[in-house]
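As structure tokens, the structure follows; a few thoughts come after it.
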Amino acid sequence: IETLLQYNKQIQQEKNSGQSSLFGGSSAVVAPKLFLATAQPLVRRQQLEWERSLLGLYVSEHPLAKIQRLPIPEVKTLLDARSERANKPVQCLGLVQQLKRVYTKTGDIMQFFQLSDATQQMEVVLFPKALLQLKTVLSDGQCILVKGKISKRDGESKIIAEEITPWPDEFIFVHFDTTANRQQLTQAKQLLQDYHGMMPVYIAAKDKLMRASTTVSAEVVLPLQQLLGADRAVLV
């Protein structure tokens, strides 16, 4: 923006100083060349956050839309969680929005926030005991996995949080379905050990979700796809 403002200022200065050329009997300002600095590629998540900040909503798609298309076991969308009965245990992945802190009559701290995913949003309540056990400081826009129970009061569904785990912006998702054999499992394990890096890995197997103990390079995705199938290893 500063470059554009400076460019406009330069044009006005040249116009006022009478720097012009004649063509066909009319006077026209010779505009100086505009040079824009090379910008870094825009991260998809940053683009979506700008959309929400400026327009109040996500225009392109929700940041979790791609994640929620993955076959992640035991994790429900907020739309599905809302229809669950009271006290039903649920796990939901979403973004923290409208985070609020409240003091109880005894001086303890509670937190309330809206959890948002690609289907809808739902209020999450974090009571003092659960808040004390929280190992991360929550912030607006943060992606988290919430484990808790459904509360229904006055016709409204909420999640009473029992455990909250930060979820990475980028990760590798590996899905072992029932067709995977022991040899494939062994080779996949070796690949995850060989490709060292900083990318976390989540593994879905036997209707369970687990996080690998090691982090890897994104380059491991291609050999994993060749081993397991194109839709069995995904960089998100």
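Chain lettering (A, B, ...) mirrors the order of the structure tokens, residue numbering begins at 1 for each chain separately, and ligand numbering begins at 1 in order of display.
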Residues near Val125 of chain A, cut-off 10 Å, only C-alpha atoms, skip fewer than 3 positions along chain, as a PyMOL selection string: chain A and resi 100+110-114+122+128+130-131+148+151+158-162
Just-selected residues, C-alpha atoms written as a PDB file, in the first residue's frame:
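Generated file (again_23.pdb):
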```
ATOM      1  CA  LYS A 100     -14.266 -15.117  26.893  1.00  0.00           C
ATOM      2  CA  MET A 110     -13.996 -20.269  33.540  1.00  0.00           C
ATOM      3  CA  GLN A 111     -13.718 -19.895  29.803  1.00  0.00           C
ATOM      4  CA  PHE A 112     -16.370 -19.845  27.094  1.00  0.00           C
ATOM      5  CA  PHE A 113     -15.825 -19.812  23.360  1.00  0.00           C
ATOM      6  CA  GLN A 114     -17.452 -20.680  20.066  1.00  0.00           C
ATOM      7  CA  MET A 122     -21.174 -24.527  18.961  1.00  0.00           C
ATOM      8  CA  PRO A 128     -12.229 -24.239  36.386  1.00  0.00           C
ATOM      9  CA  ALA A 130     -10.617 -28.563  33.333  1.00  0.00           C
ATOM     10  CA  LEU A 131      -9.031 -25.153  32.767  1.00  0.00           C
ATOM     11  CA  GLY A 148     -16.038 -33.523  26.278  1.00  0.00           C
ATOM     12  CA  SER A 151     -24.924 -30.497  27.489  1.00  0.00           C
ATOM     13  CA  LYS A 158     -23.088 -27.078  24.244  1.00  0.00           C
ATOM     14  CA  ILE A 159     -19.895 -29.020  24.765  1.00  0.00           C
ATOM     15  CA  ILE A 160     -18.590 -29.269  28.328  1.00  0.00           C
ATOM     16  CA  ALA A 161     -14.872 -29.608  27.643  1.00  0.00           C
ATOM     17  CA  GLU A 162     -12.832 -32.177  29.551  1.00  0.00           C
TER      18      GLU A 162
END
```
Neighbouring residues of segment 134-140 of chain A were defined as those with any atom within 12 Å, considering only C-alpha atoms; residues of the same chain fewer than 2 positions away were excluded. Please report them as a PyMOL selection string. chain A and resi 49+53+94-101+110-116+126-132+142-147+161-167
Between atom CA of Glu84 of chain A and atom CA of Glu156 of chain A, what is the distance, to one decimal in Å?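 Those two atoms sit 11.7 Å apart.
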Can you check which residues of segment 149-196 of chain A DSSP gives as alpha helix (DSSP H) on the backbone and send them as a list in words? Arg182, Gln183, Gln184, Leu185, Thr186, Gln187, Ala188, Lys189, Gln190, Leu191, Leu192, Gln193 and Asp194 of chain A
Quick one: pick out all strand (DSSP E) residues within segment 19-225 of chain A from a backbone DSSP run and write them as an NGL selection string. :A and (20-23 or 26-29 or 89-103 or 109-116 or 121-126 or 143-153 or 156-166 or 172-176 or 196-199 or 201-205 or 208-211 or 216)
Residues at most 7 Å from Leu64 of chain A, counting only C-alpha atoms, excluding those fewer than 4 positions away in the same chain, as number ranges by chain? A: 68, 117-118
Quick one: everything within 7 Å of Phe171 of chain A, counting only C-alpha atoms, minus sequence neighbours fewer than 2 positions away in the same chain. Send it as a PDB file with N, CA, C and O atoms, in the first residue's frame.
```pdb
ATOM      1  N   PRO A 168      -2.278 -29.014  14.789  1.00  0.00           N
ATOM      2  CA  PRO A 168      -1.362 -28.261  13.916  1.00  0.00           C
ATOM      3  C   PRO A 168      -2.038 -27.733  12.662  1.00  0.00           C
ATOM      4  O   PRO A 168      -2.999 -28.322  12.156  1.00  0.00           O
ATOM      5  N   ASP A 169      -1.526 -26.619  12.146  1.00  0.00           N
ATOM      6  CA  ASP A 169      -2.045 -26.044  10.900  1.00  0.00           C
ATOM      7  C   ASP A 169      -1.713 -26.924   9.701  1.00  0.00           C
ATOM      8  O   ASP A 169      -2.478 -26.993   8.739  1.00  0.00           O
ATOM      9  N   PHE A 173      -1.669 -36.920   7.081  1.00  0.00           N
ATOM     10  CA  PHE A 173      -2.676 -37.877   7.534  1.00  0.00           C
ATOM     11  C   PHE A 173      -2.481 -39.190   6.786  1.00  0.00           C
ATOM     12  O   PHE A 173      -2.468 -39.215   5.556  1.00  0.00           O
ATOM     13  N   MET A 199       7.234 -32.139  10.323  1.00  0.00           N
ATOM     14  CA  MET A 199       5.804 -32.273  10.075  1.00  0.00           C
ATOM     15  C   MET A 199       5.198 -33.365  10.954  1.00  0.00           C
ATOM     16  O   MET A 199       5.652 -34.507  10.935  1.00  0.00           O
ATOM     17  N   PRO A 200       4.170 -33.034  11.743  1.00  0.00           N
ATOM     18  CA  PRO A 200       3.507 -34.068  12.545  1.00  0.00           C
ATOM     19  C   PRO A 200       2.703 -35.017  11.672  1.00  0.00           C
ATOM     20  O   PRO A 200       2.264 -34.656  10.577  1.00  0.00           O
ATOM     21  N   VAL A 201       2.514 -36.229  12.168  1.00  0.00           N
ATOM     22  CA  VAL A 201       1.791 -37.262  11.427  1.00  0.00           C
ATOM     23  C   VAL A 201       0.669 -37.812  12.298  1.00  0.00           C
ATOM     24  O   VAL A 201       0.881 -38.174  13.454  1.00  0.00           O
ATOM     25  N   LEU A 235      -1.142 -34.702   2.555  1.00  0.00           N
ATOM     26  CA  LEU A 235      -0.555 -33.542   3.216  1.00  0.00           C
ATOM     27  C   LEU A 235      -1.636 -32.475   3.347  1.00  0.00           C
ATOM     28  O   LEU A 235      -2.204 -32.039   2.344  1.00  0.00           O
ATOM     29  N   VAL A 236      -1.941 -32.087   4.552  1.00  0.00           N
ATOM     30  CA  VAL A 236      -3.026 -31.121   4.801  1.00  0.00           C
ATOM     31  C   VAL A 236      -2.425 -29.795   5.235  1.00  0.00           C
ATOM     32  O   VAL A 236      -1.562 -29.773   6.118  1.00  0.00           O
TER      33      VAL A 236
END
```
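The list of residues with at least one atom within 12 Å of Ala233 of chain A, based on only C-alpha atoms and without residues fewer than 5 positions apart in the same chain, reads A:Leu70, A:Pro71, A:Phe171, A:Ile172, A:Phe173, A:Val174, A:His175, A:Phe176, A:Asp177, A:Ala188, A:Leu192, A:Val201, A:Tyr202, A:Ile203, A:Ala204, A:Ala218, A:Glu219, A:Val220, A:Val221, A:Leu222, A:Pro223, A:Leu224, A:Gln225, A:Gln226, A:Leu227, A:Leu228.
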Gap from atom CA of Pro73 of chain A to atom CA of Thr119 of chain A - Å, one decimal: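 Between atom CA of Pro73 of chain A and atom CA of Thr119 of chain A the gap works out to 17.2 Å.
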Suppose you want the space between atom CA of Lys66 of chain A and atom CA of Thr214 of chain A; what is it in Å?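 These two atoms are separated by 23.4 Å.
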